[in-house]
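The file structure08.pdb contains PDB, C-alpha atoms:
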```
MODEL        1
ATOM      1  CA  MET A  28      26.662  10.664  15.033
ATOM      2  CA  LEU A  29      26.224   7.016  15.883
ATOM      3  CA  LEU A  30      24.127   6.034  12.856
ATOM      4  CA  LYS A  31      25.362   8.268  10.073
ATOM      5  CA  GLY A  32      24.283   6.871   6.711
ATOM      6  CA  LYS A  33      22.440   3.934   8.254
ATOM      7  CA  ASN A  34      18.837   3.052   7.480
ATOM      8  CA  ALA A  35      16.381   2.051  10.194
ATOM      9  CA  VAL A  36      12.791   0.913  10.471
ATOM     10  CA  ILE A  37      11.032   2.120  13.622
ATOM     11  CA  THR A  38       7.483   1.173  14.594
ATOM     12  CA  GLY A  39       5.192   3.128  16.901
ATOM     13  CA  CYS A  40       6.697   6.477  15.922
ATOM     14  CA  LEU A  41       3.690   8.666  16.538
ATOM     15  CA  LYS A  42       4.343   9.350  20.199
ATOM     16  CA  GLY A  43       6.110   8.300  23.377
ATOM     17  CA  ILE A  44       9.157   6.060  23.149
ATOM     18  CA  GLY A  45       8.727   5.610  19.396
ATOM     19  CA  ARG A  46       8.722   9.357  18.766
ATOM     20  CA  SER A  47      11.783   9.862  20.961
ATOM     21  CA  THR A  48      13.568   7.022  19.178
ATOM     22  CA  LEU A  49      12.759   8.563  15.811
ATOM     23  CA  ASP A  50      14.191  11.858  17.063
ATOM     24  CA  ALA A  51      17.346  10.247  18.453
ATOM     25  CA  PHE A  52      17.985   8.218  15.298
ATOM     26  CA  SER A  53      17.477  11.236  13.034
ATOM     27  CA  LYS A  54      19.784  13.392  15.124
ATOM     28  CA  ASN A  55      22.387  10.655  14.847
ATOM     29  CA  GLY A  56      22.270  10.575  11.064
ATOM     30  CA  ALA A  57      19.934   7.652  10.405
ATOM     31  CA  ASN A  58      17.393   7.566   7.609
ATOM     32  CA  VAL A  59      14.144   6.127   8.876
ATOM     33  CA  TRP A  60      11.047   4.370   7.647
ATOM     34  CA  ALA A  61       8.749   5.673  10.380
ATOM     35  CA  CYS A  62       5.803   3.354  10.990
ATOM     36  CA  CYS A  63       2.673   4.672  12.705
ATOM     37  CA  GLN A  64      -0.942   3.701  12.908
ATOM     38  CA  GLU A  65      -2.327   7.116  12.048
ATOM     39  CA  LYS A  66      -1.322  10.177  10.094
ATOM     40  CA  THR A  67      -1.503  13.556  11.795
ATOM     41  CA  ASP A  68      -0.530  17.024  10.592
ATOM     42  CA  GLU A  69       1.599  17.465  13.681
ATOM     43  CA  PHE A  70       3.573  14.285  12.941
ATOM     44  CA  GLU A  71       4.044  15.220   9.298
ATOM     45  CA  SER A  72       5.399  18.632  10.337
ATOM     46  CA  HIS A  73       7.636  16.994  12.883
ATOM     47  CA  ILE A  74       9.291  14.680  10.389
ATOM     48  CA  THR A  75       9.755  17.512   7.906
ATOM     49  CA  GLN A  76      11.532  19.432  10.630
ATOM     50  CA  LEU A  77      13.696  16.446  11.540
ATOM     51  CA  GLN A  78      14.696  15.959   7.915
ATOM     52  CA  ASN A  79      15.603  19.608   7.497
ATOM     53  CA  ASP A  80      17.516  19.795  10.747
ATOM     54  CA  ASN A  81      19.483  16.593  10.357
ATOM     55  CA  GLY A  82      19.964  16.063   6.615
ATOM     56  CA  VAL A  83      18.294  12.664   6.632
ATOM     57  CA  TRP A  84      15.207  11.231   4.965
ATOM     58  CA  ILE A  85      12.220   9.953   6.876
ATOM     59  CA  LYS A  86       9.545   7.978   5.060
ATOM     60  CA  PRO A  87       6.320   7.687   7.029
ATOM     61  CA  LEU A  88       4.353   4.463   6.640
ATOM     62  CA  TYR A  89       0.847   4.521   8.057
ATOM     63  CA  PHE A  90      -0.758   1.177   8.743
ATOM     64  CA  ASP A  91      -2.640  -0.851  11.300
ATOM     65  CA  PHE A  92      -0.386  -3.529  12.784
ATOM     66  CA  LEU A  93      -3.399  -5.736  13.333
ATOM     67  CA  ASP A  94      -4.230  -5.732   9.642
ATOM     68  CA  GLU A  95      -1.932  -8.261   8.017
ATOM     69  CA  SER A  96      -2.625  -7.004   4.547
ATOM     70  CA  GLU A  97      -1.787  -3.407   5.511
ATOM     71  CA  LEU A  98       1.354  -4.650   7.254
ATOM     72  CA  LYS A  99       2.450  -6.502   4.117
ATOM     73  CA  THR A 100       1.781  -3.449   1.976
ATOM     74  CA  ALA A 101       4.033  -1.407   4.253
ATOM     75  CA  VAL A 102       6.770  -4.022   4.007
ATOM     76  CA  LYS A 103       6.463  -4.021   0.226
ATOM     77  CA  GLN A 104       6.968  -0.255   0.211
ATOM     78  CA  ILE A 105      10.179  -0.706   2.184
ATOM     79  CA  HIS A 106      11.220  -3.583  -0.083
ATOM     80  CA  ARG A 107      10.666  -1.453  -3.185
ATOM     81  CA  ASP A 108      13.193   1.110  -1.941
ATOM     82  CA  LYS A 109      15.912  -1.535  -2.387
ATOM     83  CA  LEU A 110      18.037  -0.110   0.385
ATOM     84  CA  ALA A 111      19.998  -1.909   3.060
ATOM     85  CA  ILE A 112      18.240  -2.046   6.419
ATOM     86  CA  ASP A 113      20.640  -1.667   9.308
ATOM     87  CA  ALA A 114      18.209  -1.582  12.223
ATOM     88  CA  LEU A 115      14.667  -2.514  13.133
ATOM     89  CA  ILE A 116      13.243  -1.070  16.325
ATOM     90  CA  ASN A 117       9.948  -2.700  17.302
ATOM     91  CA  ILE A 118       8.188  -0.254  19.588
ATOM     92  CA  ALA A 119       4.493  -0.347  18.709
ATOM     93  CA  GLY A 120       2.600  -1.733  21.669
ATOM     94  CA  ILE A 121      -0.585  -1.528  23.692
ATOM     95  CA  THR A 122      -1.774  -2.324  27.175
ATOM     96  CA  LYS A 123      -5.023  -2.788  29.043
ATOM     97  CA  ASP A 124      -4.743  -3.378  32.731
ATOM     98  CA  SER A 125      -7.025  -5.674  34.741
ATOM     99  CA  LEU A 126      -6.624  -7.881  37.741
ATOM    100  CA  PHE A 127      -6.317 -11.589  36.899
ATOM    101  CA  GLN A 128      -9.944 -12.546  37.513
ATOM    102  CA  MET A 129     -11.125  -9.601  35.413
ATOM    103  CA  VAL A 130      -8.952 -10.242  32.370
ATOM    104  CA  SER A 131     -10.986 -10.721  29.226
ATOM    105  CA  MET A 132      -9.557 -13.244  26.791
ATOM    106  CA  SER A 133     -10.387 -11.023  23.843
ATOM    107  CA  ASP A 134      -8.382  -8.165  25.358
ATOM    108  CA  MET A 135      -5.512 -10.478  26.178
ATOM    109  CA  LYS A 136      -5.461 -11.878  22.641
ATOM    110  CA  ARG A 137      -5.487  -8.368  21.194
ATOM    111  CA  ILE A 138      -2.530  -7.367  23.369
ATOM    112  CA  PHE A 139      -0.594 -10.430  22.223
ATOM    113  CA  GLU A 140      -1.550  -9.719  18.613
ATOM    114  CA  VAL A 141       0.019  -6.254  18.768
ATOM    115  CA  ASN A 142       2.822  -6.739  21.287
ATOM    116  CA  LEU A 143       4.060 -10.087  19.978
ATOM    117  CA  PHE A 144       2.517 -11.651  16.873
ATOM    118  CA  ALA A 145       2.473  -8.564  14.653
ATOM    119  CA  GLN A 146       5.997  -7.667  15.711
ATOM    120  CA  ILE A 147       7.247 -11.154  14.941
ATOM    121  CA  LEU A 148       5.550 -11.144  11.541
ATOM    122  CA  PHE A 149       6.923  -7.691  10.727
ATOM    123  CA  SER A 150      10.382  -8.769  11.899
ATOM    124  CA  GLN A 151      10.216 -11.883   9.698
ATOM    125  CA  TYR A 152       9.802  -9.723   6.627
ATOM    126  CA  ILE A 153      12.360  -7.088   7.588
ATOM    127  CA  THR A 154      14.902  -9.692   8.636
ATOM    128  CA  LYS A 155      14.772 -11.250   5.183
ATOM    129  CA  MET A 156      15.984  -7.928   3.827
ATOM    130  CA  MET A 157      18.710  -7.756   6.475
ATOM    131  CA  LEU A 158      19.865 -11.259   5.552
ATOM    132  CA  LYS A 159      20.902 -10.028   2.132
ATOM    133  CA  ASN A 160      23.600  -7.939   3.784
ATOM    134  CA  ARG A 161      24.277 -10.394   6.581
ATOM    135  CA  SER A 162      24.158  -7.611   9.124
ATOM    136  CA  GLY A 163      21.669  -5.691  11.186
ATOM    137  CA  SER A 164      20.363  -4.972  14.644
ATOM    138  CA  ILE A 165      16.857  -5.699  15.873
ATOM    139  CA  VAL A 166      15.607  -4.185  19.105
ATOM    140  CA  PHE A 167      12.352  -5.112  20.803
ATOM    141  CA  ILE A 168      10.754  -3.266  23.663
ATOM    142  CA  SER A 169      10.068  -5.580  26.571
ATOM    143  CA  SER A 170       9.273  -4.208  30.034
ATOM    144  CA  ILE A 171      10.267  -4.640  33.637
ATOM    145  CA  SER A 172       6.686  -5.823  33.960
ATOM    146  CA  GLY A 173       7.631  -8.738  31.705
ATOM    147  CA  LEU A 174      10.653  -9.526  33.853
ATOM    148  CA  ASP A 175       9.279  -8.948  37.340
ATOM    149  CA  GLY A 176       5.485  -9.015  36.881
ATOM    150  CA  ASN A 177       3.193  -6.236  38.044
ATOM    151  CA  ILE A 178      -0.197  -6.373  39.704
ATOM    152  CA  GLY A 179      -2.985  -5.695  37.214
ATOM    153  CA  GLN A 180      -0.816  -6.282  34.156
ATOM    154  CA  LEU A 181      -1.270  -9.980  33.401
ATOM    155  CA  SER A 182      -1.798  -9.506  29.671
ATOM    156  CA  TYR A 183       0.825  -6.836  29.178
ATOM    157  CA  SER A 184       3.495  -8.480  31.331
ATOM    158  CA  SER A 185       2.894 -11.875  29.691
ATOM    159  CA  SER A 186       3.263 -10.370  26.221
ATOM    160  CA  LYS A 187       6.438  -8.577  27.263
ATOM    161  CA  ALA A 188       7.825 -11.746  28.858
ATOM    162  CA  ALA A 189       7.189 -13.472  25.537
ATOM    163  CA  ILE A 190       9.445 -10.889  23.920
ATOM    164  CA  VAL A 191      12.246 -12.057  26.197
ATOM    165  CA  GLY A 192      11.875 -15.625  24.935
ATOM    166  CA  ALA A 193      11.653 -14.383  21.384
ATOM    167  CA  ILE A 194      14.863 -12.379  21.489
ATOM    168  CA  LYS A 195      16.760 -15.237  23.110
ATOM    169  CA  THR A 196      15.757 -17.546  20.267
ATOM    170  CA  LEU A 197      16.088 -15.025  17.457
ATOM    171  CA  SER A 198      19.527 -13.927  18.606
ATOM    172  CA  ALA A 199      20.708 -17.550  18.494
ATOM    173  CA  GLU A 200      19.162 -18.161  15.068
ATOM    174  CA  LEU A 201      20.222 -14.905  13.456
ATOM    175  CA  GLY A 202      23.610 -14.391  15.096
ATOM    176  CA  PRO A 203      25.447 -16.554  12.548
ATOM    177  CA  GLN A 204      23.934 -14.321   9.846
ATOM    178  CA  GLY A 205      25.430 -11.214  11.450
ATOM    179  CA  ILE A 206      22.130  -9.984  12.887
ATOM    180  CA  ARG A 207      21.963  -8.971  16.537
ATOM    181  CA  VAL A 208      18.695  -9.137  18.479
ATOM    182  CA  ASN A 209      18.216  -7.450  21.840
ATOM    183  CA  ALA A 210      15.484  -5.971  23.986
ATOM    184  CA  VAL A 211      15.155  -2.935  26.171
ATOM    185  CA  ALA A 212      13.053  -3.328  29.293
ATOM    186  CA  PRO A 213      11.815   0.095  30.345
ATOM    187  CA  GLY A 214      10.745   0.859  33.867
ATOM    188  CA  VAL A 215       8.161   3.542  34.532
ATOM    189  CA  ILE A 216       8.384   5.972  31.636
ATOM    190  CA  ASP A 217       6.442   9.190  31.234
ATOM    191  CA  THR A 218       4.186   8.239  28.300
ATOM    192  CA  GLU A 219       0.477   8.163  27.610
ATOM    193  CA  MET A 220       0.513   4.425  28.194
ATOM    194  CA  THR A 221       1.690   4.760  31.791
ATOM    195  CA  LYS A 222      -0.746   7.608  32.456
ATOM    196  CA  GLY A 223      -3.524   5.054  32.035
ATOM    197  CA  VAL A 224      -2.170   2.769  34.755
ATOM    198  CA  SER A 225      -4.140   3.207  37.957
ATOM    199  CA  GLY A 226      -4.036   1.966  41.520
ATOM    200  CA  GLY A 227      -0.810   3.582  42.686
ATOM    201  CA  SER A 228       1.383   0.769  41.365
ATOM    202  CA  LEU A 229       3.501   3.163  39.301
ATOM    203  CA  GLU A 230       4.186   5.415  42.266
ATOM    204  CA  LYS A 231       5.185   2.354  44.234
ATOM    205  CA  LEU A 232       7.557   1.253  41.472
ATOM    206  CA  ILE A 233       9.109   4.695  41.190
ATOM    207  CA  GLY A 234       9.497   4.740  44.953
ATOM    208  CA  SER A 235      11.339   1.435  44.803
ATOM    209  CA  SER A 236      13.815   2.692  42.212
ATOM    210  CA  ALA A 237      17.290   3.865  43.108
ATOM    211  CA  LEU A 238      16.840   7.112  41.186
ATOM    212  CA  LYS A 239      13.364   7.829  42.671
ATOM    213  CA  LYS A 240      12.003   9.402  39.511
ATOM    214  CA  ILE A 241      10.015   8.576  36.422
ATOM    215  CA  GLY A 242      11.954   7.975  33.211
ATOM    216  CA  HIS A 243      11.719  10.070  30.064
ATOM    217  CA  PRO A 244      11.069   8.421  26.673
ATOM    218  CA  SER A 245      14.405   9.808  25.444
ATOM    219  CA  GLU A 246      16.158   7.629  28.018
ATOM    220  CA  ILE A 247      14.742   4.534  26.333
ATOM    221  CA  ALA A 248      15.482   6.000  22.914
ATOM    222  CA  ASN A 249      19.134   6.327  23.906
ATOM    223  CA  ALA A 250      19.272   2.633  24.794
ATOM    224  CA  ASN A 251      17.686   1.805  21.437
ATOM    225  CA  LEU A 252      20.230   4.027  19.730
ATOM    226  CA  PHE A 253      23.118   2.299  21.472
ATOM    227  CA  LEU A 254      21.862  -1.187  20.620
ATOM    228  CA  ALA A 255      21.310  -0.230  16.989
ATOM    229  CA  SER A 256      24.769   1.265  16.679
ATOM    230  CA  ASP A 257      28.139  -0.384  16.156
ATOM    231  CA  LEU A 258      28.973   0.467  19.756
ATOM    232  CA  ALA A 259      26.901  -2.605  20.615
ATOM    233  CA  SER A 260      28.535  -4.800  17.965
ATOM    234  CA  TYR A 261      29.263  -7.645  20.413
ATOM    235  CA  ILE A 262      25.931  -7.517  22.242
ATOM    236  CA  THR A 263      23.127  -9.868  21.314
ATOM    237  CA  GLY A 264      20.419 -11.837  23.085
ATOM    238  CA  GLN A 265      20.343  -9.372  25.971
ATOM    239  CA  ILE A 266      17.616  -7.537  27.810
ATOM    240  CA  ILE A 267      18.785  -4.164  29.027
ATOM    241  CA  ARG A 268      16.815  -2.772  31.940
ATOM    242  CA  VAL A 269      16.399   0.975  31.718
ATOM    243  CA  ASP A 270      14.433   1.518  34.885
ATOM    244  CA  GLY A 271      16.220   3.878  37.228
ATOM    245  CA  GLY A 272      17.341   0.955  39.343
ATOM    246  CA  ILE A 273      14.044  -0.642  40.375
ATOM    247  CA  ARG A 274      14.605  -3.374  42.982
TER     248      ARG A 274
ATOM    249  CA  MET B 239      19.786 -14.304 -18.223
ATOM    250  CA  ASP B 240      16.607 -16.393 -18.509
ATOM    251  CA  ASN B 241      14.602 -17.251 -15.431
ATOM    252  CA  SER B 242      15.812 -20.848 -15.203
ATOM    253  CA  LYS B 243      19.408 -19.687 -15.169
ATOM    254  CA  LYS B 244      18.614 -16.954 -12.636
ATOM    255  CA  TYR B 245      16.900 -19.516 -10.435
ATOM    256  CA  LEU B 246      19.823 -21.919 -10.661
ATOM    257  CA  ALA B 247      22.335 -19.169  -9.959
ATOM    258  CA  ALA B 248      20.385 -17.931  -6.932
ATOM    259  CA  PHE B 249      20.415 -21.412  -5.419
ATOM    260  CA  ALA B 250      24.059 -22.091  -6.249
ATOM    261  CA  GLU B 251      25.332 -18.749  -4.989
ATOM    262  CA  SER B 252      23.278 -18.690  -1.804
ATOM    263  CA  LEU B 253      24.236 -22.255  -0.877
ATOM    264  CA  ASP B 254      27.759 -21.817  -2.185
ATOM    265  CA  VAL B 255      27.586 -25.078  -4.142
ATOM    266  CA  ASP B 256      28.385 -26.042  -7.715
ATOM    267  CA  GLU B 257      25.406 -25.798 -10.067
ATOM    268  CA  LYS B 258      25.953 -29.470 -10.956
ATOM    269  CA  VAL B 259      24.759 -30.385  -7.452
ATOM    270  CA  LEU B 260      21.347 -28.869  -8.158
ATOM    271  CA  ASN B 261      18.515 -30.792  -9.780
ATOM    272  CA  ASP B 262      14.727 -30.930  -9.541
ATOM    273  CA  ASP B 263      14.802 -33.725  -6.976
ATOM    274  CA  LEU B 264      17.080 -31.909  -4.571
ATOM    275  CA  ALA B 265      15.169 -31.429  -1.319
ATOM    276  CA  TYR B 266      15.518 -29.332   1.805
ATOM    277  CA  GLU B 267      18.237 -30.898   3.989
ATOM    278  CA  GLY B 268      19.193 -33.110   1.022
ATOM    279  CA  ILE B 269      22.683 -31.624   1.170
ATOM    280  CA  PRO B 270      24.414 -30.159   4.244
ATOM    281  CA  GLU B 271      24.364 -26.660   2.755
ATOM    282  CA  TRP B 272      20.555 -26.582   2.428
ATOM    283  CA  ASP B 273      19.766 -26.406   6.130
ATOM    284  CA  SER B 274      17.441 -23.870   7.782
ATOM    285  CA  ILE B 275      20.016 -21.115   7.494
ATOM    286  CA  GLY B 276      20.772 -22.028   3.899
ATOM    287  CA  HIS B 277      17.045 -21.970   3.241
ATOM    288  CA  MET B 278      16.765 -18.345   4.326
ATOM    289  CA  GLY B 279      19.739 -17.541   2.123
ATOM    290  CA  ILE B 280      17.919 -19.114  -0.832
ATOM    291  CA  ILE B 281      14.814 -17.042  -0.111
ATOM    292  CA  ALA B 282      16.838 -13.838   0.100
ATOM    293  CA  ALA B 283      18.606 -14.710  -3.159
ATOM    294  CA  LEU B 284      15.364 -15.534  -4.980
ATOM    295  CA  GLU B 285      13.718 -12.317  -3.761
ATOM    296  CA  GLU B 286      16.711 -10.353  -4.975
ATOM    297  CA  ALA B 287      16.977 -12.154  -8.318
ATOM    298  CA  PHE B 288      13.291 -11.899  -9.187
ATOM    299  CA  ASP B 289      12.450  -8.692  -7.306
ATOM    300  CA  ILE B 290       9.686 -10.300  -5.271
ATOM    301  CA  MET B 291       8.711 -10.570  -1.617
ATOM    302  CA  MET B 292       7.781 -14.121  -0.751
ATOM    303  CA  GLU B 293       4.931 -14.999   1.582
ATOM    304  CA  THR B 294       5.717 -17.048   4.685
ATOM    305  CA  ASP B 295       3.605 -19.983   3.460
ATOM    306  CA  ASP B 296       5.589 -20.093   0.242
ATOM    307  CA  ILE B 297       8.864 -20.040   2.158
ATOM    308  CA  LEU B 298       7.697 -23.010   4.188
ATOM    309  CA  ASN B 299       6.438 -24.875   1.135
ATOM    310  CA  LEU B 300       9.641 -24.505  -0.852
ATOM    311  CA  SER B 301      10.707 -28.046  -0.043
ATOM    312  CA  THR B 302      12.503 -29.035  -3.254
ATOM    313  CA  PHE B 303      14.355 -27.346  -6.095
ATOM    314  CA  ALA B 304      11.438 -28.144  -8.416
ATOM    315  CA  LYS B 305       8.801 -27.002  -5.928
ATOM    316  CA  GLY B 306      10.465 -23.588  -5.742
ATOM    317  CA  LYS B 307      10.006 -23.076  -9.483
ATOM    318  CA  GLU B 308       6.397 -24.168  -9.183
ATOM    319  CA  ILE B 309       5.787 -21.634  -6.384
ATOM    320  CA  LEU B 310       7.455 -18.789  -8.252
ATOM    321  CA  SER B 311       5.500 -19.664 -11.351
ATOM    322  CA  SER B 312       2.060 -19.991  -9.753
ATOM    323  CA  ASN B 313       2.267 -17.249  -7.103
ATOM    324  CA  TYR B 314       4.664 -14.659  -8.526
ATOM    325  CA  GLU B 315       4.035 -14.823 -12.259
ATOM    326  CA  ILE B 316       7.555 -15.929 -13.074
ATOM    327  CA  GLU B 317       7.749 -18.115 -16.123
ATOM    328  CA  PHE B 318      10.220 -20.946 -16.555
TER     329      PHE B 318
ENDMDL
END
```

Please re-express this file's structure in structure tokens.
Amino acid sequence: MLLKGKNAVITGCLKGIGRSTLDAFSKNGANVWACCQEKTDEFESHITQLQNDNGVWIKPLYFDFLDESELKTAVKQIHRDKLAIDALINIAGITKDSLFQMVSMSDMKRIFEVNLFAQILFSQYITKMMLKNRSGSIVFISSISGLDGNIGQLSYSSSKAAIVGAIKTLSAELGPQGIRVNAVAPGVIDTEMTKGVSGGSLEKLIGSSALKKIGHPSEIANANLFLASDLASYITGQIIRVDGGIR
Amino acid sequence: MDNSKKYLAAFAESLDVDEKVLNDDLAYEGIPEWDSIGHMGIIAALEEAFDIMMETDDILNLSTFAKGKEILSSNYEIEF
């Protein structure tokens, strides 16, 4: 168990990579504040099952990342628990694909609000709690789209490229305080988000990968798990591609 | 411990300086220990000591030892 007795905050837990990360962390002994936008019976049952199976606690926090007051309320709930925070995994994200000339500024701003600004604000608050213990690991989800670009994904790839700049700076600022900051850059992963991408670009990307297959959310979760754990104790400021070898 | 003493102790411990160094006129970057990293240490110590969660604007505005007390007093109902 890589995270036995550790406490983690994970955003975007309802489905996809966030759900898989929640599962992986729980199975590895971590207690989790599980942040999601909406409450569902299925999710509530799922976390009850995870708690029973793994002997950990999971506290769901339901809030809209775009609502600063809701975000602060969620942080206050975490703060009130007065527990050390060992890891923050920023997964919540959105996309809306359009070719450059069709990109609406309001959509682009919304994508940046969720994929960058809200995550930075949330991280500011959580990091303050980590600073008390002078240790912690923060993981952001970037994307190969942010590293390599992808036709039709101007807004998404720009927001994910911004994450790269953010983790480079944060790792330098927070390293002396014992806090590591890294990013995972997934390739094509089998989630609802990628199902919405049209135009054959995903098939092309998969075809260009060494492994010639789509990734599973658990394969990103495992990278998150590694970076959160002490196995990655000397790794900071890095972007780890988990993409099946896309060239 | 009264709030003034708690405030003083939070500053002194987080900056790892003698309490005698601290006075109302002491400003951010006024001593080597109160740099940007020291500042975040002060915030963490104040949040811990007074069981509060400070807003980003307040963190930015905490520019002097005296100003910090003013912020805690006006925005967090902490009396000095």

Tell me the residues of chain B close to chain A, meaning within 9 Å using only C-alpha atoms, as number ranges by chain. B: 275, 278-279, 281-283, 286, 289-294

Around (21.7, -29.3, -6.3) in the file's frame, which residues reach within 10 Å when counting only C-alpha atoms? Return as number ranges by chain? B: 246, 249-250, 253, 255-265, 268-269, 271-272, 302-303

Using the chain letters and numbering of this document, enumerate as an NGL selection string the residues selected by the PyMOL selection byres ((chain B and resi 307) around 12). :B and (241-246 or 248-249 or 261-263 or 284 or 288 or 296 or 299-306 or 308-318)

Could you jot down the atom CA of Gly120 of chain A to atom CA of Phe90 of chain A separation for me, Å, one decimal place? 13.7 Å

Written as a PyMOL selection string, what is the full residue list that the PyMOL selection byres ((chain A and resi 256-261) around 12) yields on the file shown? chain A and resi 28-35+51-52+55-57+113-116+162-166+198+202+205-209+249-255+262-265+267

So for segment 296-311 of chain B, what box centre and size do we get, axis-aligned, 5 Å extra on each of the six sides, every listed atom, Å to one decimal, as AutoDock Vina command-line options?
```
--center_x 9.9 --center_y -23.9 --center_z -3.6 --size_x 18.9 --size_y 20.2 --size_z 25.5
```
